[in-house]
$ cat model-v5.json   # JSON, C-alpha atoms and all ligand atoms
[["chain", "number", "residue", "atom", "x", "y", "z"],
["A", 155, "MET", "CA", 82.75, 118.63, 95.64],
["A", 156, "SER", "CA", 84.51, 121.03, 97.96],
["A", 157, "LYS", "CA", 85.48, 119.65, 101.37],
["A", 158, "SER", "CA", 87.28, 120.89, 104.48],
["A", 159, "VAL", "CA", 89.73, 119.16, 106.77],
["A", 160, "LEU", "CA", 90.69, 120.48, 110.21],
["A", 161, "ILE", "CA", 93.98, 119.20, 111.69],
["A", 162, "THR", "CA", 95.10, 120.01, 115.24],
["A", 163, "GLY", "CA", 98.78, 119.99, 116.17],
["A", 164, "ALA", "CA", 99.67, 121.02, 112.63],
["A", 165, "SER", "CA", 102.92, 122.84, 113.41],
["A", 166, "ARG", "CA", 105.14, 119.77, 113.08],
["A", 167, "GLY", "CA", 105.33, 115.97, 113.24],
["A", 168, "ILE", "CA", 102.35, 113.82, 112.26],
["A", 169, "GLY", "CA", 99.99, 116.83, 112.05],
["A", 170, "LEU", "CA", 102.15, 118.75, 109.57],
["A", 171, "GLU", "CA", 102.75, 115.63, 107.45],
["A", 172, "THR", "CA", 98.98, 115.02, 107.41],
["A", 173, "ALA", "CA", 98.38, 118.59, 106.23],
["A", 174, "LYS", "CA", 100.76, 117.92, 103.30],
["A", 175, "LYS", "CA", 98.83, 114.77, 102.35],
["A", 176, "PHE", "CA", 95.65, 116.83, 101.92],
["A", 177, "LEU", "CA", 97.33, 119.85, 100.34],
["A", 178, "PHE", "CA", 99.34, 118.18, 97.56],
["A", 179, "PRO", "CA", 96.75, 116.18, 95.55],
["A", 180, "ASP", "CA", 94.14, 117.78, 93.34],
["A", 181, "ASN", "CA", 91.28, 116.25, 95.35],
["A", 182, "ASP", "CA", 87.98, 117.25, 96.99],
["A", 183, "TYR", "CA", 89.70, 118.92, 99.95],
["A", 184, "SER", "CA", 89.85, 122.57, 98.99],
["A", 185, "THR", "CA", 90.11, 123.94, 102.53],
["A", 186, "ILE", "CA", 92.78, 122.94, 105.05],
["A", 187, "VAL", "CA", 92.30, 124.29, 108.58],
["A", 188, "LEU", "CA", 95.36, 124.16, 110.83],
["A", 189, "PHE", "CA", 95.43, 124.52, 114.63],
["A", 190, "ALA", "CA", 98.53, 124.85, 116.82],
["A", 191, "ARG", "CA", 99.86, 127.26, 119.38],
["A", 192, "LYS", "CA", 101.65, 130.40, 118.29],
["A", 193, "SER", "CA", 105.28, 129.45, 117.58],
["A", 194, "ASP", "CA", 108.08, 129.91, 115.07],
["A", 195, "ASP", "CA", 107.54, 126.27, 114.05],
["A", 196, "PHE", "CA", 103.92, 126.98, 113.19],
["A", 197, "VAL", "CA", 104.78, 130.13, 111.22],
["A", 198, "SER", "CA", 107.42, 128.21, 109.23],
["A", 199, "ALA", "CA", 105.06, 125.27, 108.65],
["A", 200, "VAL", "CA", 102.28, 127.51, 107.32],
["A", 201, "GLN", "CA", 104.73, 129.43, 105.13],
["A", 202, "TRP", "CA", 106.07, 126.17, 103.69],
["A", 203, "LEU", "CA", 102.55, 124.89, 102.97],
["A", 204, "GLU", "CA", 101.60, 128.17, 101.29],
["A", 205, "GLU", "CA", 104.70, 127.98, 99.09],
["A", 206, "HIS", "CA", 103.77, 124.43, 98.01],
["A", 207, "ASN", "CA", 100.05, 125.08, 97.50],
["A", 208, "ALA", "CA", 99.99, 124.08, 93.81],
["A", 209, "HIS", "CA", 96.19, 123.80, 93.62],
["A", 210, "GLY", "CA", 95.39, 127.12, 95.27],
["A", 211, "LYS", "CA", 93.65, 125.55, 98.26],
["A", 212, "SER", "CA", 92.42, 127.69, 101.11],
["A", 213, "ILE", "CA", 94.73, 127.41, 104.13],
["A", 214, "VAL", "CA", 93.02, 128.65, 107.29],
["A", 215, "VAL", "CA", 95.13, 129.07, 110.42],
["A", 216, "ARG", "CA", 94.24, 129.42, 114.10],
["A", 217, "GLU", "CA", 96.93, 129.96, 116.70],
["A", 218, "VAL", "CA", 95.26, 128.37, 119.68],
["A", 219, "ASP", "CA", 96.15, 126.35, 122.74],
["A", 220, "VAL", "CA", 93.69, 123.47, 122.49],
["A", 221, "GLY", "CA", 94.19, 122.81, 126.21],
["A", 222, "GLU", "CA", 92.48, 126.16, 126.97],
["A", 223, "ARG", "CA", 88.83, 125.28, 126.60],
["A", 224, "GLU", "CA", 87.40, 128.78, 126.09],
["A", 225, "ALA", "CA", 90.08, 129.75, 123.57],
["A", 226, "LEU", "CA", 89.44, 126.50, 121.73],
["A", 227, "ARG", "CA", 85.69, 127.12, 121.64],
["A", 228, "THR", "CA", 86.26, 130.63, 120.26],
["A", 229, "ALA", "CA", 88.53, 129.24, 117.55],
["A", 230, "ILE", "CA", 86.00, 126.56, 116.60],
["A", 231, "VAL", "CA", 83.17, 129.09, 116.23],
["A", 232, "SER", "CA", 85.30, 131.43, 114.14],
["A", 233, "VAL", "CA", 86.42, 128.58, 111.87],
["A", 234, "TYR", "CA", 82.85, 127.40, 111.40],
["A", 235, "GLN", "CA", 81.80, 130.96, 110.50],
["A", 236, "GLU", "CA", 84.67, 131.26, 108.03],
["A", 237, "VAL", "CA", 84.72, 127.87, 106.29],
["A", 238, "GLY", "CA", 81.37, 126.29, 107.11],
["A", 239, "ASN", "CA", 81.16, 122.54, 107.50],
["A", 240, "VAL", "CA", 84.23, 120.61, 108.65],
["A", 241, "ASP", "CA", 84.01, 117.31, 106.77],
["A", 242, "LEU", "CA", 87.10, 115.66, 108.21],
["A", 243, "LEU", "CA", 88.52, 116.33, 111.68],
["A", 244, "VAL", "CA", 91.96, 115.00, 112.60],
["A", 245, "ASN", "CA", 92.39, 115.23, 116.39],
["A", 246, "ASN", "CA", 96.16, 115.02, 116.46],
["A", 247, "ALA", "CA", 97.54, 117.57, 118.98],
["A", 248, "GLY", "CA", 99.22, 115.80, 121.86],
["A", 249, "TYR", "CA", 101.18, 116.62, 125.00],
["A", 250, "THR", "CA", 103.30, 114.59, 127.38],
["A", 251, "ASN", "CA", 105.61, 115.13, 130.33],
["A", 252, "PRO", "CA", 106.79, 111.67, 131.40],
["A", 253, "VAL", "CA", 107.72, 111.35, 135.10],
["A", 254, "PRO", "CA", 107.45, 108.60, 137.72],
["A", 255, "LEU", "CA", 104.17, 108.39, 139.66],
["A", 256, "GLN", "CA", 105.57, 110.07, 142.79],
["A", 257, "GLN", "CA", 106.60, 113.11, 140.73],
["A", 258, "VAL", "CA", 103.34, 113.63, 138.85],
["A", 259, "ASP", "CA", 102.26, 117.22, 139.31],
["A", 260, "PHE", "CA", 98.48, 117.27, 139.41],
["A", 261, "GLU", "CA", 98.19, 120.42, 137.31],
["A", 262, "ASP", "CA", 100.38, 118.82, 134.66],
["A", 263, "PHE", "CA", 98.15, 115.72, 134.73],
["A", 264, "GLU", "CA", 95.14, 118.02, 134.20],
["A", 265, "ARG", "CA", 96.92, 119.69, 131.29],
["A", 266, "THR", "CA", 97.67, 116.31, 129.69],
["A", 267, "ILE", "CA", 94.01, 115.35, 129.93],
["A", 268, "ALA", "CA", 92.92, 118.78, 128.67],
["A", 269, "VAL", "CA", 95.08, 118.60, 125.53],
["A", 270, "ASN", "CA", 94.83, 114.89, 124.75],
["A", 271, "LEU", "CA", 91.24, 114.13, 125.77],
["A", 272, "TYR", "CA", 89.09, 117.21, 126.45],
["A", 273, "ALA", "CA", 90.27, 119.01, 123.31],
["A", 274, "PRO", "CA", 89.18, 116.29, 120.84],
["A", 275, "PHE", "CA", 85.91, 115.97, 122.76],
["A", 276, "THR", "CA", 85.34, 119.73, 122.65],
["A", 277, "LEU", "CA", 86.09, 119.93, 118.93],
["A", 278, "VAL", "CA", 83.56, 117.23, 118.17],
["A", 279, "GLN", "CA", 80.87, 118.44, 120.56],
["A", 280, "GLU", "CA", 81.15, 122.15, 119.69],
["A", 281, "LEU", "CA", 81.06, 121.48, 115.97],
["A", 282, "LEU", "CA", 78.03, 119.21, 116.39],
["A", 283, "HIS", "CA", 76.30, 121.97, 118.39],
["A", 284, "LEU", "CA", 76.98, 124.37, 115.53],
["A", 285, "GLY", "CA", 75.24, 121.98, 113.12],
["A", 286, "ASN", "CA", 78.35, 120.42, 111.64],
["A", 287, "LYS", "CA", 78.01, 117.11, 109.83],
["A", 288, "PHE", "CA", 81.25, 115.15, 109.83],
["A", 289, "ASP", "CA", 82.12, 112.61, 107.16],
["A", 290, "CYS", "CA", 84.94, 111.33, 109.29],
["A", 291, "ILE", "CA", 86.73, 111.96, 112.59],
["A", 292, "VAL", "CA", 90.24, 110.61, 113.15],
["A", 293, "ASN", "CA", 91.42, 110.49, 116.77],
["A", 294, "ILE", "CA", 95.12, 109.85, 117.38],
["A", 295, "ALA", "CA", 95.60, 107.66, 120.46],
["A", 296, "SER", "CA", 98.79, 105.63, 121.07],
["A", 297, "THR", "CA", 100.01, 102.13, 121.77],
["A", 298, "ALA", "CA", 100.77, 103.64, 125.21],
["A", 299, "GLY", "CA", 96.99, 103.82, 125.67],
["A", 300, "ILE", "CA", 96.69, 100.06, 125.18],
["A", 301, "ASN", "CA", 99.53, 99.04, 127.51],
["A", 302, "GLY", "CA", 100.59, 101.50, 130.18],
["A", 303, "ARG", "CA", 104.32, 102.21, 130.35],
["A", 304, "SER", "CA", 106.39, 102.86, 133.44],
["A", 305, "GLY", "CA", 106.99, 106.61, 133.75],
["A", 306, "TRP", "CA", 104.23, 107.49, 131.30],
["A", 307, "LEU", "CA", 101.26, 107.44, 133.69],
["A", 308, "THR", "CA", 99.53, 110.64, 132.61],
["A", 309, "TYR", "CA", 100.09, 110.12, 128.89],
["A", 310, "SER", "CA", 99.06, 106.44, 128.95],
["A", 311, "ALA", "CA", 95.90, 107.25, 130.93],
["A", 312, "SER", "CA", 94.93, 110.06, 128.55],
["A", 313, "LYS", "CA", 95.41, 107.88, 125.47],
["A", 314, "ALA", "CA", 93.48, 104.95, 126.98],
["A", 315, "ALA", "CA", 90.61, 107.39, 127.45],
["A", 316, "VAL", "CA", 90.91, 108.54, 123.81],
["A", 317, "ILE", "CA", 90.53, 104.92, 122.66],
["A", 318, "ASN", "CA", 87.37, 104.43, 124.71],
["A", 319, "MET", "CA", 85.92, 107.84, 123.86],
["A", 320, "SER", "CA", 86.42, 107.02, 120.19],
["A", 321, "SER", "CA", 84.42, 103.80, 120.50],
["A", 322, "VAL", "CA", 81.51, 105.70, 122.02],
["A", 323, "MET", "CA", 81.71, 108.42, 119.36],
["A", 324, "ARG", "CA", 81.81, 105.72, 116.72],
["A", 325, "GLU", "CA", 78.56, 104.20, 117.96],
["A", 326, "GLU", "CA", 76.73, 107.46, 118.63],
["A", 327, "LEU", "CA", 77.65, 109.22, 115.38],
["A", 328, "GLU", "CA", 77.05, 106.32, 113.04],
["A", 329, "ILE", "CA", 73.42, 107.39, 112.55],
["A", 330, "TYR", "CA", 74.68, 110.68, 111.07],
["A", 331, "GLY", "CA", 76.81, 108.81, 108.55],
["A", 332, "THR", "CA", 80.02, 109.79, 110.39],
["A", 333, "ARG", "CA", 82.92, 107.36, 110.50],
["A", 334, "VAL", "CA", 85.00, 107.59, 113.67],
["A", 335, "ILE", "CA", 88.51, 106.22, 113.34],
["A", 336, "CYS", "CA", 90.97, 105.74, 116.17],
["A", 337, "ILE", "CA", 94.60, 104.97, 115.44],
["A", 338, "SER", "CA", 97.30, 104.00, 117.89],
["A", 339, "PRO", "CA", 100.73, 104.70, 116.44],
["A", 340, "GLY", "CA", 103.82, 103.15, 117.98],
["A", 341, "ARG", "CA", 107.23, 104.83, 118.06],
["A", 342, "THR", "CA", 107.32, 107.68, 115.54],
["A", 343, "ALA", "CA", 110.24, 110.05, 115.00],
["A", 344, "THR", "CA", 108.85, 113.39, 116.24],
["A", 345, "ALA", "CA", 109.54, 115.97, 118.94],
["A", 346, "LEU", "CA", 107.04, 114.24, 121.24],
["A", 347, "ARG", "CA", 108.84, 110.92, 120.86],
["A", 348, "ARG", "CA", 112.14, 112.63, 121.76],
["A", 349, "VAL", "CA", 110.54, 113.68, 125.06],
["A", 350, "LEU", "CA", 109.46, 110.10, 125.75],
["A", 351, "ALA", "CA", 112.68, 108.39, 124.57],
["A", 352, "PRO", "CA", 115.55, 110.92, 124.40],
["A", 353, "GLU", "CA", 118.24, 108.27, 123.79],
["A", 354, "GLU", "CA", 116.61, 106.69, 120.73],
["A", 355, "ASP", "CA", 117.99, 107.09, 117.21],
["A", 356, "PRO", "CA", 115.04, 108.60, 115.25],
["A", 357, "SER", "CA", 116.28, 107.15, 111.96],
["A", 358, "THR", "CA", 115.52, 103.61, 113.23],
["A", 359, "ILE", "CA", 111.79, 104.13, 113.85],
["A", 360, "MET", "CA", 108.60, 104.99, 111.94],
["A", 361, "GLN", "CA", 108.52, 108.48, 110.39],
["A", 362, "PRO", "CA", 105.59, 110.93, 110.78],
["A", 363, "GLY", "CA", 104.93, 110.79, 107.02],
["A", 364, "HIS", "CA", 104.16, 107.07, 107.33],
["A", 365, "VAL", "CA", 101.45, 107.72, 109.91],
["A", 366, "ALA", "CA", 100.08, 110.58, 107.78],
["A", 367, "GLU", "CA", 99.84, 108.22, 104.82],
["A", 368, "VAL", "CA", 97.75, 105.81, 106.88],
["A", 369, "ILE", "CA", 95.49, 108.68, 108.02],
["A", 370, "GLU", "CA", 95.02, 109.73, 104.40],
["A", 371, "MET", "CA", 94.10, 106.17, 103.37],
["A", 372, "LEU", "CA", 91.74, 105.55, 106.31],
["A", 373, "SER", "CA", 89.83, 108.79, 105.76],
["A", 374, "SER", "CA", 89.48, 108.10, 102.02],
["A", 375, "PRO", "CA", 86.52, 106.04, 100.71],
["A", 376, "VAL", "CA", 88.55, 102.80, 100.78],
["A", 377, "GLY", "CA", 89.17, 103.36, 104.50],
["A", 378, "ARG", "CA", 85.67, 102.20, 105.32],
["A", 379, "PHE", "CA", 86.82, 98.65, 104.57],
["A", 380, "VAL", "CA", 89.48, 98.75, 107.27],
["A", 381, "ASP", "CA", 88.62, 97.92, 110.88],
["A", 382, "SER", "CA", 89.76, 101.15, 112.46],
["A", 383, "GLU", "CA", 88.09, 101.05, 115.87],
["A", 384, "ASN", "CA", 91.60, 101.16, 117.30],
["A", 385, "LEU", "CA", 94.06, 100.46, 114.54],
["A", 386, "VAL", "CA", 97.64, 99.92, 115.69],
["A", 387, "ILE", "CA", 100.30, 101.35, 113.35],
["A", 388, "ARG", "CA", 103.85, 100.29, 114.05],
["A", 389, "GLN", "CA", 106.87, 98.79, 112.36],
["B", 401, "LIG", "N1", 105.54, 110.26, 118.10],
["B", 401, "LIG", "C1", 105.09, 109.12, 118.60],
["B", 401, "LIG", "O1", 105.85, 108.16, 118.86],
["B", 401, "LIG", "C2", 103.62, 108.95, 118.83],
["B", 401, "LIG", "C3", 103.13, 107.67, 119.10],
["B", 401, "LIG", "C4", 101.78, 107.52, 119.35],
["B", 401, "LIG", "C5", 100.94, 108.61, 119.30],
["B", 401, "LIG", "N2", 101.42, 109.85, 119.04],
["B", 401, "LIG", "C6", 100.48, 110.96, 119.01],
["B", 401, "LIG", "O2", 100.55, 111.61, 117.76],
["B", 401, "LIG", "C7", 100.07, 112.95, 117.91],
["B", 401, "LIG", "C8", 101.02, 113.91, 117.22],
["B", 401, "LIG", "O3", 102.24, 113.95, 117.93],
["B", 401, "LIG", "P1", 103.66, 113.97, 117.22],
["B", 401, "LIG", "O4", 104.32, 112.70, 117.57],
["B", 401, "LIG", "O5", 103.52, 114.37, 115.81],
["B", 401, "LIG", "O6", 104.39, 115.08, 118.11],
["B", 401, "LIG", "P2", 104.93, 116.55, 117.80],
["B", 401, "LIG", "O7", 105.76, 116.56, 116.58],
["B", 401, "LIG", "O8", 105.54, 117.00, 119.07],
["B", 401, "LIG", "O9", 103.60, 117.35, 117.50],
["B", 401, "LIG", "C9", 102.65, 117.61, 118.50],
["B", 401, "LIG", "C10", 101.70, 118.63, 117.96],
["B", 401, "LIG", "O10", 100.71, 118.88, 118.96],
["B", 401, "LIG", "C11", 100.63, 120.27, 119.14],
["B", 401, "LIG", "N3", 100.23, 120.65, 120.48],
["B", 401, "LIG", "C12", 100.75, 120.20, 121.64],
["B", 401, "LIG", "N4", 100.15, 120.81, 122.66],
["B", 401, "LIG", "C13", 99.25, 121.66, 122.12],
["B", 401, "LIG", "C14", 98.32, 122.57, 122.65],
["B", 401, "LIG", "N5", 98.18, 122.74, 123.96],
["B", 401, "LIG", "N6", 97.55, 123.30, 121.80],
["B", 401, "LIG", "C15", 97.68, 123.14, 120.48],
["B", 401, "LIG", "N7", 98.53, 122.28, 119.90],
["B", 401, "LIG", "C16", 99.30, 121.56, 120.73],
["B", 401, "LIG", "C17", 102.02, 120.78, 118.84],
["B", 401, "LIG", "O11", 101.93, 122.14, 118.46],
["B", 401, "LIG", "P3", 102.55, 123.33, 119.30],
["B", 401, "LIG", "O12", 103.38, 122.73, 120.41],
["B", 401, "LIG", "O13", 103.36, 124.04, 118.28],
["B", 401, "LIG", "O14", 101.36, 124.06, 119.75],
["B", 401, "LIG", "C18", 102.41, 119.93, 117.66],
["B", 401, "LIG", "O15", 101.90, 120.47, 116.47],
["B", 401, "LIG", "C19", 99.93, 113.17, 119.40],
["B", 401, "LIG", "O16", 98.58, 113.04, 119.79],
["B", 401, "LIG", "C20", 100.75, 112.06, 120.01],
["B", 401, "LIG", "O17", 100.34, 111.73, 121.31],
["B", 401, "LIG", "C21", 102.75, 110.04, 118.79]]
$ encode --input "model-v5.json" --output "C-alpha cells" --more "lines below"
Ligand SMILES: NC(=O)c1ccc[n+]([C@@H]2O[C@H](COP(=O)([O-])OP(=O)(O)OC[C@H]3O[C@@H](n4cnc5c(N)ncnc54)[C@H](OP(=O)(O)O)[C@@H]3O)[C@@H](O)[C@H]2O)c1
Amino acid sequence: MSKSVLITGASRGIGLETAKKFLFPDNDYSTIVLFARKSDDFVSAVQWLEEHNAHGKSIVVREVDVGEREALRTAIVSVYQEVGNVDLLVNNAGYTNPVPLQQVDFEDFERTIAVNLYAPFTLVQELLHLGNKFDCIVNIASTAGINGRSGWLTYSASKAAVINMSSVMREELEIYGTRVICISPGRTATALRRVLAPEEDPSTIMQPGHVAEVIEMLSSPVGRFVDSENLVIRQ
C-alpha cells in the first residue's frame, strides 16, 4: 500500500533525520512531503535526500513559513491536490527566542505561538476540511512544556499548549481511527538547542537521529502499544 508522510521543519535537526527514517527503508511510505522555509539548509537537505533515494520515492517540497497562516494554508491545499491523502503528519517545526520575562517582545511571543501551536493546529484542521484521513499525527512538544524554565517563557508556554492540544486531538480523532502521538524530547543536539543552551557540548546529549528513531517506531504498527499521550524522550 502506498502511503504519504508530511514532515514540517525538515531542513535540519529532528525533522531531517525523521525524513531519512521514512526515505531509506523499502516500506509503505512512497511519498515524503517536506516543509521548511526557503534556505540553503533546506536546498542541501533536499538534494541529499534525492541523492540517497534508493527506492525511487516521491519527494515533494514546499518552501513555506508555517508561522504565516495564509501561506501555510496555500501549501496544504497544493500538497493535498498533488499527493492526495496525508497518512502520517509529523508536526516538528519549532521556533524559540529565549529571553527573560521583562524582555519578551509581544510580537515575538505571537510568532512563537504561531509556529509552535497554530501551525500544527492549522495543518490538522485544514487537512481534515479537505477530507484527509490520518492514520497518525505526531506532535513534537518538549520537556520544557511540562516544567517551565527560567528564560524560556514563550517556548515553554507554547509547548505546554501543544501537549494539551494533542490530548484533545487524540480524543476527538479516535473515532476516525487516527492515532495522535505527542512526544516531549529533552536536550537534543540541534540548532534550536544551541539557541537555548549555547554553552553546552552537543556531543554529550541526545542526537536528532535518536528522536527520529522513536518517531519512526511510534508511528509504526507496534507504536500503538506504547502510551504516547505525552511520551518523554531523554537520556
Ligand atoms: N533540540 C531540542 O533540544 C528539542 C527538545 C525538545 C523539543 N524540540 C522540538 O523539536 C522540534 C525540532 O527542532 P530541532 O531541535 O530539530 O531544531 P532545528 O534543528 O533548529 O530545526 C527546526 C526546524 O523547524 C523549522 N522551522 C522553524 N521555524 C519555521 C517556520 N516559521 N516555518 C517553517 N519551518 C520552520 C526549521 O526550518 P527553517 O528554519 O529552515 O525554516 C527547522 O527545519 C521543534 O518543535 C523543537 O521545539 C527540540
$ closest_residue --input "model-v5.json" --among "A:Gly285, A:Gly210, A:Gly248, A:Pro274" --to "ligand LIG 401 (chain B)" --atoms "all atoms listed in the file"
A:Gly248
$ residues_around --input "model-v5.json" --residues "Lys157 in chain A" --least-positions-apart "5" --cutoff "12 Å" --atoms "all atoms listed in the file" --output "JSON, numbers by chain"
{"A": [176, 177, 180, 181, 182, 183, 184, 185, 186, 187, 211, 212, 237, 238, 239, 240, 241, 242, 243, 287, 288, 289, 290]}
$ residues_near_ligand --input "model-v5.json" --ligand "ligand LIG 401 (chain B)" --cutoff "6 Å" --atoms "all atoms listed in the file" --output "PyMOL selection string"
chain A and resi 163-169+190-191+193+196+218-221+246-249+269+294-296+338-347
$ closest_residue --input "model-v5.json" --among "A:Ile213, A:Cys336, A:Met360, A:Val349" --to "Val386 in chain A" --atoms "only C-alpha atoms"
A:Cys336
$ residues_near_point --input "model-v5.json" --point "(85.1, 117.5, 121.7)" --cutoff "12 Å" --atoms "only C-alpha atoms" --output "number ranges by chain"
A: 220-221, 223, 226-227, 230, 243-245, 268-283, 291, 293, 316, 319-320, 323
$ atom_distance --input "model-v5.json" --atom1 "CA of Leu385 in chain A" --atom2 "CA of Val368 in chain A"
10.0 Å
$ atom_distance --input "model-v5.json" --atom1 "CA of Met371 in chain A" --atom2 "CA of Leu203 in chain A"
20.5 Å
$ atom_distance --input "model-v5.json" --atom1 "CA of Val214 in chain A" --atom2 "CA of Leu188 in chain A"
6.2 Å
$ residues_near_point --input "model-v5.json" --point "(93.8, 104.3, 108.0)" --cutoff "9 Å" --atoms "only C-alpha atoms" --output "list of chain:residue names"
A:Val292, A:Ile335, A:Cys336, A:Ile337, A:Val365, A:Ala366, A:Glu367, A:Val368, A:Ile369, A:Glu370, A:Met371, A:Leu372, A:Ser373, A:Ser374, A:Gly377, A:Arg378, A:Val380, A:Asp381, A:Ser382, A:Leu385, A:Ile387
$ residues_around --input "model-v5.json" --residues "Val258 in chain A" --least-positions-apart "6" --cutoff "12 Å" --atoms "only C-alpha atoms" --output "PDB file with C-alpha atoms, in the coordinates of the input"
ATOM      1  CA  THR A 250     103.300 114.590 127.380  1.00  0.00           C
ATOM      2  CA  ASN A 251     105.610 115.130 130.330  1.00  0.00           C
ATOM      3  CA  PRO A 252     106.790 111.670 131.400  1.00  0.00           C
ATOM      4  CA  GLU A 264      95.140 118.020 134.200  1.00  0.00           C
ATOM      5  CA  ARG A 265      96.920 119.690 131.290  1.00  0.00           C
ATOM      6  CA  THR A 266      97.670 116.310 129.690  1.00  0.00           C
ATOM      7  CA  GLY A 305     106.990 106.610 133.750  1.00  0.00           C
ATOM      8  CA  TRP A 306     104.230 107.490 131.300  1.00  0.00           C
ATOM      9  CA  LEU A 307     101.260 107.440 133.690  1.00  0.00           C
ATOM     10  CA  THR A 308      99.530 110.640 132.610  1.00  0.00           C
ATOM     11  CA  TYR A 309     100.090 110.120 128.890  1.00  0.00           C
TER      12      TYR A 309
END
$ residues_around --input "model-v5.json" --residues "Asn318 in chain A" --least-positions-apart "3" --cutoff "10 Å" --atoms "all atoms listed in the file" --output "PyMOL selection string"
chain A and resi 295+299+313-315+321-324+336+383-384
$ closest_residue --input "model-v5.json" --among "A:Val159, A:Gly302, A:Phe178, A:Ser357" --to "His209 in chain A" --atoms "all atoms listed in the file"
A:Phe178
